[in-house]
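Pasted below: start-v7.txt, compact mmCIF, C-alpha atoms.
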# COMPACT_ATOMS: atom_id res chain seq x y z
CA MET V 195 4.24 -17.05 -119.61
CA ASP V 196 7.58 -17.28 -121.34
CA LYS V 197 8.68 -20.33 -123.20
CA LEU V 198 11.34 -22.33 -121.65
CA SER V 199 14.35 -22.39 -123.96
CA ILE V 200 18.00 -23.19 -123.48
CA ASN V 201 18.91 -19.58 -124.31
CA ASN V 202 16.90 -18.25 -121.43
CA ILE V 203 18.90 -20.27 -118.95
CA PRO V 204 21.56 -18.07 -117.43
CA LYS V 205 25.04 -19.06 -118.32
CA ASN V 206 26.16 -19.42 -114.81
CA PHE V 207 23.21 -21.62 -113.96
CA PHE V 208 25.30 -24.83 -114.00
CA ARG V 209 28.35 -23.30 -112.42
CA ASN V 210 29.30 -24.49 -109.09
CA ALA V 211 28.73 -22.03 -106.38
CA PRO V 212 32.05 -20.52 -105.41
CA GLN V 213 33.36 -22.30 -102.41
CA LYS V 214 33.59 -20.19 -99.37
CA ILE V 215 36.95 -20.06 -97.77
CA GLU V 216 36.59 -20.40 -94.09
CA ALA V 217 38.11 -17.41 -92.45
CA HIS V 218 39.04 -19.13 -89.29
CA GLN V 219 41.41 -21.46 -91.05
CA SER V 220 44.93 -20.44 -90.38
CA ASN V 221 47.12 -21.44 -93.26
CA PRO V 222 49.88 -18.86 -93.64
CA PHE V 223 51.80 -20.87 -96.21
CA GLY V 224 49.17 -20.80 -98.96
CA VAL V 225 48.94 -24.54 -99.25
CA SER V 226 45.96 -26.24 -100.81
CA PHE V 227 42.97 -26.83 -98.67
CA LYS V 228 40.12 -28.94 -100.07
CA GLY V 229 41.35 -28.27 -103.58
CA ASN V 230 41.50 -24.44 -103.23
CA VAL V 231 44.70 -22.53 -102.87
CA LEU V 232 44.56 -20.11 -100.02
CA THR V 233 46.58 -16.96 -100.12
CA SER V 234 47.90 -15.06 -97.22
CA ASP V 235 45.49 -12.13 -97.67
CA VAL V 236 42.55 -14.23 -96.66
CA PHE V 237 43.69 -13.81 -93.08
CA GLU V 238 43.86 -10.02 -93.27
CA THR V 239 40.25 -9.01 -93.12
CA LYS V 240 38.31 -6.62 -90.93
CA ARG V 241 36.19 -9.47 -89.86
CA GLU V 242 39.24 -11.16 -88.53
CA ILE V 243 40.27 -8.09 -86.54
CA LYS V 244 36.78 -8.00 -85.15
CA GLN V 245 37.02 -11.66 -84.36
CA SER V 246 40.33 -11.16 -82.63
CA SER V 247 38.79 -8.45 -80.47
CA ASN V 248 35.96 -10.79 -79.75
CA LEU V 249 38.49 -13.41 -78.96
CA ILE V 250 40.13 -11.10 -76.46
CA GLU V 251 36.80 -10.38 -74.87
CA ARG V 252 35.90 -14.01 -74.85
CA ALA V 253 39.27 -14.84 -73.45
CA SER V 254 38.88 -12.30 -70.70
CA ARG V 255 35.37 -13.59 -69.98
CA LYS V 256 36.68 -17.11 -69.96
CA SER V 257 39.54 -16.17 -67.72
CA LYS V 258 37.07 -14.62 -65.29
CA MET V 259 35.02 -17.81 -65.37
CA LEU V 260 38.09 -19.86 -64.99
CA SER V 261 39.24 -17.76 -62.08
CA SER V 262 35.90 -18.10 -60.37
CA VAL V 263 35.93 -21.83 -60.98
CA VAL V 264 39.45 -22.08 -59.64
CA VAL V 265 38.59 -20.00 -56.59
CA GLY V 266 35.47 -22.06 -56.00
CA SER V 267 37.33 -25.29 -56.38
CA ILE V 268 40.05 -24.03 -54.03
CA ASN V 269 37.40 -23.23 -51.46
CA GLU V 270 35.85 -26.66 -51.93
CA PHE V 271 39.24 -28.29 -51.79
CA SER V 272 40.21 -26.50 -48.62
CA SER V 273 36.90 -27.35 -46.99
CA ALA V 274 37.24 -30.99 -48.12
CA VAL V 275 40.78 -31.09 -46.76
CA GLY V 276 39.52 -29.53 -43.57
CA ARG V 277 36.78 -32.16 -43.27
CA ARG V 278 39.27 -34.96 -43.90
CA LEU V 279 41.72 -33.51 -41.43
CA ASN V 280 38.98 -33.31 -38.83
CA SER V 281 38.03 -36.93 -39.44
CA VAL V 282 41.68 -37.99 -39.22
CA ILE V 283 42.10 -36.09 -35.99
CA SER V 284 38.96 -37.62 -34.49
CA PHE V 285 40.10 -41.07 -35.64
CA GLY V 286 43.48 -40.50 -34.02
CA ASN V 287 41.82 -39.42 -30.82
CA ARG V 288 39.66 -42.54 -30.81
CA ILE V 289 42.70 -44.76 -31.38
CA ARG V 290 44.57 -42.99 -28.61
CA GLU V 291 41.69 -43.51 -26.21
CA ASN V 292 41.43 -47.19 -27.14
CA VAL V 293 45.17 -47.73 -26.83
CA SER V 294 45.33 -46.02 -23.47
CA GLY V 295 42.35 -48.13 -22.32
CA LEU V 296 44.07 -51.26 -23.57
CA TRP V 297 47.26 -50.27 -21.83
CA ASN V 298 45.39 -49.75 -18.56
CA GLN V 299 43.82 -53.18 -18.98
CA ALA V 300 47.17 -54.77 -19.87
CA LYS V 301 48.75 -53.34 -16.78
CA ASN V 302 46.21 -55.22 -14.65
CA ILE V 303 46.64 -58.58 -16.45
CA GLU V 304 49.11 -61.10 -15.10
CA ILE V 305 50.66 -63.30 -17.82
CA THR V 306 51.86 -66.76 -16.82
CA PHE V 307 53.48 -69.36 -19.06
CA ASP V 308 53.19 -72.96 -17.90
CA MET V 309 55.63 -74.85 -20.13
CA ALA V 310 55.06 -78.23 -18.46
CA ASN V 311 51.31 -77.99 -18.96
CA ILE V 312 51.75 -76.90 -22.58
CA GLY V 313 54.00 -79.90 -23.15
CA ASN V 314 51.40 -82.28 -21.74
CA VAL V 315 48.60 -80.68 -23.76
CA LEU V 316 50.67 -80.87 -26.95
CA LYS V 317 51.56 -84.49 -26.30
CA SER V 318 47.95 -85.51 -25.69
CA LYS V 319 46.74 -83.54 -28.74
CA LEU V 320 49.48 -85.10 -30.85
CA SER V 321 48.61 -88.61 -29.78
CA GLN V 322 44.90 -87.95 -30.38
CA ASN V 323 45.15 -86.30 -33.77
CA MET V 324 48.31 -87.83 -35.23
CA PRO V 325 48.65 -91.38 -33.94
CA ALA V 326 50.96 -92.22 -36.84
CA ILE V 327 53.60 -89.85 -35.48
CA VAL V 328 53.56 -91.34 -31.99
CA ASP V 329 54.67 -94.79 -33.15
CA LYS V 330 53.68 -97.57 -30.77
CA TYR V 331 56.35 -99.75 -32.39
CA SER V 332 59.18 -97.32 -31.71
CA VAL V 333 62.03 -98.71 -29.58
CA LYS V 334 61.25 -96.16 -26.87
CA SER V 335 57.61 -97.23 -26.68
CA LEU V 336 58.44 -100.94 -26.81
CA THR V 337 61.02 -100.69 -24.03
CA LYS V 338 58.25 -99.64 -21.65
CA LEU V 339 56.34 -102.89 -22.25
CA PRO V 340 56.90 -106.02 -20.11
CA VAL V 341 59.26 -108.67 -21.52
CA GLY V 342 56.37 -111.15 -21.74
CA ASP V 343 54.46 -108.82 -24.06
CA LEU V 344 57.53 -108.25 -26.19
CA GLU V 345 58.04 -112.01 -26.46
CA GLU V 346 54.46 -112.51 -27.66
CA MET V 347 54.83 -109.72 -30.19
CA LEU V 348 58.12 -111.12 -31.43
CA VAL V 349 56.64 -114.62 -31.82
CA ALA V 350 53.74 -113.20 -33.78
CA ARG V 351 56.00 -111.13 -36.01
CA LEU V 352 58.45 -113.95 -36.64
CA ALA V 353 55.56 -116.16 -37.71
CA LYS V 354 54.75 -113.63 -40.49
CA ILE V 355 58.17 -113.90 -42.10
CA MET S 132 59.27 -104.46 -44.88
CA LYS S 133 57.21 -103.00 -42.06
CA ASN S 134 57.27 -106.37 -40.30
CA ILE S 135 61.08 -106.57 -40.27
CA ARG S 136 61.24 -103.00 -38.97
CA ILE S 137 58.97 -103.93 -36.08
CA ILE S 138 60.99 -107.10 -35.36
CA ARG S 139 64.18 -105.03 -35.36
CA ASN S 140 62.62 -102.58 -32.92
CA ILE S 141 61.37 -105.37 -30.62
CA ILE S 142 64.85 -106.91 -30.54
CA LYS S 143 66.40 -103.50 -29.81
CA ALA S 144 63.85 -102.96 -27.06
CA LEU S 145 64.75 -106.33 -25.54
CA SER S 146 68.42 -105.36 -25.80
CA SER S 147 67.94 -102.25 -23.68
CA HIS S 148 65.19 -103.65 -21.41
CA GLN S 149 65.83 -103.46 -17.69
CA ASP S 150 64.38 -106.94 -17.09
CA ALA S 151 67.12 -109.63 -17.22
CA ALA S 152 64.59 -112.05 -18.67
CA ALA S 153 65.00 -110.24 -21.99
CA VAL S 154 68.24 -112.22 -22.58
CA GLU S 155 66.35 -115.51 -22.32
CA VAL S 156 63.76 -114.30 -24.83
CA LEU S 157 66.50 -113.24 -27.25
CA GLU S 158 68.23 -116.60 -26.83
CA ARG S 159 65.06 -118.61 -27.24
CA LEU S 160 63.57 -116.72 -30.21
CA GLY S 161 66.50 -114.96 -31.85
CA THR S 162 69.49 -117.27 -31.79
CA ASN S 163 67.37 -120.24 -32.81
CA SER S 164 65.77 -118.47 -35.76
CA ASP S 165 66.08 -119.91 -39.24
CA GLU S 166 66.58 -116.42 -40.65
CA ASP S 167 70.16 -115.22 -40.88
CA GLU S 168 69.00 -111.60 -40.48
CA ILE S 169 67.18 -112.40 -37.23
CA ARG S 170 70.23 -114.18 -35.82
CA ARG S 171 72.42 -111.23 -36.82
CA LEU S 172 70.08 -108.74 -35.15
CA THR S 173 69.88 -110.94 -32.04
CA SER S 174 73.63 -111.33 -31.61
CA LYS S 175 74.10 -107.58 -32.08
CA ALA S 176 71.44 -106.96 -29.48
CA LEU S 177 73.09 -109.36 -27.03
CA VAL S 178 76.49 -107.67 -27.48
CA ALA S 179 74.94 -104.22 -27.13
CA ARG S 180 73.31 -105.28 -23.88
CA ASN S 181 76.88 -105.75 -22.60
CA THR S 182 76.14 -107.91 -19.55
CA HIS S 183 77.93 -111.07 -18.43
CA GLU S 184 74.99 -113.28 -19.41
CA SER S 185 74.43 -111.79 -22.84
CA LEU S 186 78.15 -111.70 -23.77
CA SER S 187 78.73 -115.26 -22.50
CA LEU S 188 75.92 -116.43 -24.72
CA VAL S 189 77.44 -114.80 -27.81
CA ILE S 190 81.05 -115.79 -27.11
CA LEU S 191 80.83 -119.20 -25.43
CA GLU S 192 77.52 -120.90 -26.02
CA LYS S 193 77.81 -124.11 -28.00
CA GLY S 194 75.97 -123.86 -31.30
CA LYS S 195 75.07 -120.17 -30.72
CA GLY S 196 78.40 -118.44 -30.11
CA ILE S 197 80.79 -116.78 -32.56
CA ASN S 198 82.47 -120.10 -33.30
CA ASP S 199 79.29 -121.64 -34.62
CA MET S 200 77.82 -118.62 -36.37
CA SER S 201 77.68 -118.14 -40.12
CA THR S 202 80.42 -115.91 -41.49
CA SER S 203 78.23 -112.82 -41.97
CA VAL S 204 76.65 -113.11 -38.52
CA ALA S 205 80.04 -113.76 -36.88
CA MET S 206 81.59 -110.70 -38.59
CA SER S 207 78.66 -108.54 -37.57
CA THR S 208 78.98 -109.74 -33.97
CA ILE S 209 82.74 -109.08 -33.89
CA ASN S 210 82.16 -105.59 -35.30
CA GLU S 211 79.64 -104.96 -32.53
CA LEU S 212 82.15 -106.16 -29.93
CA LEU S 213 84.81 -103.82 -31.37
CA ALA S 214 82.34 -100.94 -31.25
CA LEU S 215 81.58 -101.32 -27.56
CA LYS S 216 82.44 -98.28 -25.49
CA ASP S 217 83.01 -100.33 -22.37
CA LYS S 218 84.92 -103.44 -23.39
CA SER S 219 85.90 -104.55 -19.90
CA GLU S 220 83.29 -107.29 -19.48
CA ALA S 221 83.87 -108.67 -22.99
CA MET S 222 87.65 -108.71 -22.46
CA LYS S 223 87.23 -110.54 -19.15
CA ILE S 224 85.03 -113.24 -20.71
CA LEU S 225 87.41 -113.62 -23.69
CA SER S 226 90.44 -113.94 -21.37
CA ASP S 227 88.69 -116.55 -19.23
CA THR S 228 87.62 -118.46 -22.35
CA GLU S 229 91.14 -118.30 -23.80
CA GLU S 230 92.61 -119.78 -20.64
CA LEU S 231 89.93 -122.05 -19.25
CA HIS S 232 87.67 -123.37 -21.98
CA SER S 233 87.89 -127.05 -22.68
CA GLU S 234 87.59 -126.85 -26.47
CA GLU S 235 90.66 -125.66 -28.34
CA GLU S 236 88.67 -124.28 -31.25
CA ILE S 237 86.71 -121.97 -28.94
CA ARG S 238 89.92 -120.93 -27.15
CA ASP S 239 91.49 -120.00 -30.54
CA THR S 240 88.45 -117.99 -31.58
CA ALA S 241 88.40 -116.16 -28.25
CA ARG S 242 92.13 -115.37 -28.60
CA SER S 243 91.63 -113.94 -32.10
CA VAL S 244 88.71 -111.77 -31.05
CA LYS S 245 90.59 -110.57 -27.96
CA THR S 246 93.58 -109.58 -30.13
CA LEU S 247 91.30 -107.65 -32.46
CA MET S 248 89.73 -105.85 -29.50
CA LEU S 249 93.13 -105.00 -28.06
CA PHE S 250 94.19 -103.31 -31.31
CA SER S 251 90.87 -101.59 -31.97
So that I can check it, write out the structure of this file as structure tokens.
Amino acid sequence: MDKLSINNIPKNFFRNAPQKIEAHQSNPFGVSFKGNVLTSDVFETKREIKQSSNLIERASRKSKMLSSVVVGSINEFSSAVGRRLNSVISFGNRIRENVSGLWNQAKNIEITFDMANIGNVLKSKLSQNMPAIVDKYSVKSLTKLPVGDLEEMLVARLAKI
Amino acid sequence: MKNIRIIRNIIKALSSHQDAAAVEVLERLGTNSDEDEIRRLTSKALVARNTHESLSLVILEKGKGINDMSTSVAMSTINELLALKDKSEAMKILSDTEELHSEEEIRDTARSVKTLMLFS
């Protein structure tokens, strides 16, 4: 077993591991990135060409997936639209049937409008619910009373002055 | 306030009442009232009734006619006479009073009111 001495320690033992430059970073202007200056040649590697081919493949695969998704969604959309259209059409048919039924009923109904009766009903309702409006001390109401009653009322009212 | 409104309406109702006995009630209760406002309302009601009995009471009656009224009540009554649409009965009574009444003071008052009515 060797003795542990400072000379046996490799010189690069305390060196920081060289930082890996990530190949997928696109920095064509050689600006600093995390403290390291990137040069333009870092983008010109075989690996990158390989990646680009992979990218093309992936893109084509993705486009196929996308196409299938789009086609599927179009099919779903068209079927959903079809379902909605069918429901709208059936709703319209129902409305039409109801309206035509209502029209047939309306044709057989005779509408009369008895103004005199309405006036009497309104007057009685008014006097029942709003007695304050139909003032028993109005001149019109008082004129209908006998003179003897008016005299008594006047005596009573004059006594309150 | 409500009481005076009701009194005013009762007097108006008596003024337009079909029963001729309404004039007697107005004379008995209204013209003898202590309240100036009640007398004013009563004389207006009697003029508005526009009958021979009611107008005679306002124009001729001793102690109750225009000649014996307070100034405000007399002016109100004359205004009511001037406002009549049909002045024929009032003019007839005033003319008769002017010519035939025994008291000169009442004849003078009737003449003045008649002149006012002629020019109104």
Asn210 in chain S surroundings by all atoms listed in the file, 10 Å radius, close-in-sequence under 6 positions cut, as a JSON list (two decimals) with C-alpha atoms, in the frame of the given file:
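Contents of result_26.json, freshly written:
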[["chain", "number", "residue", "atom", "x", "y", "z"],
["S", 175, "LYS", "CA", 74.10, -107.58, -32.08],
["S", 178, "VAL", "CA", 76.49, -107.67, -27.48],
["S", 204, "VAL", "CA", 76.65, -113.11, -38.52],
["S", 244, "VAL", "CA", 88.71, -111.77, -31.05],
["S", 247, "LEU", "CA", 91.30, -107.65, -32.46],
["S", 248, "MET", "CA", 89.73, -105.85, -29.50]]
With 12 Å as the cut-off and all atoms listed in the file counted, what is the closest atom pair between each nearby residue of chain S and chain V? Distances in Å to one decimal, ordered by chain and number, as CSV.
residue,atom,partner,partner_atom,distance
S:Met132,CA,V:Ile355,CA,9.9
S:Lys133,CA,V:Arg351,CA,10.2
S:Asn134,CA,V:Arg351,CA,6.5
S:Ile135,CA,V:Arg351,CA,8.0
S:Arg136,CA,V:Tyr331,CA,8.8
S:Ile137,CA,V:Tyr331,CA,6.2
S:Ile138,CA,V:Leu348,CA,6.3
S:Arg139,CA,V:Val333,CA,8.8
S:Asn140,CA,V:Val333,CA,5.1
S:Ile141,CA,V:Leu344,CA,6.5
S:Ile142,CA,V:Leu348,CA,8.0
S:Lys143,CA,V:Val333,CA,6.5
S:Ala144,CA,V:Thr337,CA,4.7
S:Leu145,CA,V:Thr337,CA,6.9
S:Ser146,CA,V:Thr337,CA,8.9
S:Ser147,CA,V:Thr337,CA,7.1
S:His148,CA,V:Thr337,CA,5.7
S:Gln149,CA,V:Thr337,CA,8.4
S:Asp150,CA,V:Val341,CA,7.0
S:Ala151,CA,V:Val341,CA,9.0
S:Ala152,CA,V:Val341,CA,6.9
S:Ala153,CA,V:Val341,CA,6.0
S:Val154,CA,V:Val341,CA,9.7
S:Glu155,CA,V:Val341,CA,9.9
S:Val156,CA,V:Glu345,CA,6.4
S:Leu157,CA,V:Glu345,CA,8.6
S:Glu158,CA,V:Glu345,CA,11.2
S:Arg159,CA,V:Glu345,CA,9.7
S:Leu160,CA,V:Val349,CA,7.4
S:Gly161,CA,V:Leu348,CA,9.2
S:Asn163,CA,V:Leu352,CA,11.6
S:Ser164,CA,V:Leu352,CA,8.6
S:Asp165,CA,V:Leu352,CA,10.0
S:Glu166,CA,V:Ile355,CA,8.9
S:Glu168,CA,V:Ile355,CA,11.2
S:Ile169,CA,V:Leu352,CA,8.9
S:Arg170,CA,V:Leu352,CA,11.8
S:Thr173,CA,V:Leu348,CA,11.8
Residues within 12 Å of Glu234 in chain S, all atoms listed in the file, excluding chain neighbours under 5 positions, as a PyMOL selection string:
chain S and resi 191-193+198+228-229+239-241
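Among the candidate residues S:Ser233, S:Ser243, S:Ser219, S:Ser174, the one lying nearest to Ser203 in chain S is S:Ser174, with distances computed using all atoms listed in the file.
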Distance CA of Ile224 in chain S-CA of Leu212 in chain S, one decimal place?
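So the answer is 12.0 Å.
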Å distance separating CA of Leu279 in chain V from CA of Trp297 in chain V, one decimal place:
26.4 Å
Between CA of His183 in chain S and CA of Ile237 in chain S, what is the distance, to one decimal in Å?
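For CA of His183 in chain S relative to CA of Ile237 in chain S, the distance reads 17.5 Å.
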I need the residue nearest Ile190 in chain S from this list: S:Leu225, S:Glu211, S:His232, S:Ala176. Use all atoms listed in the file for the distance.
S:Leu225
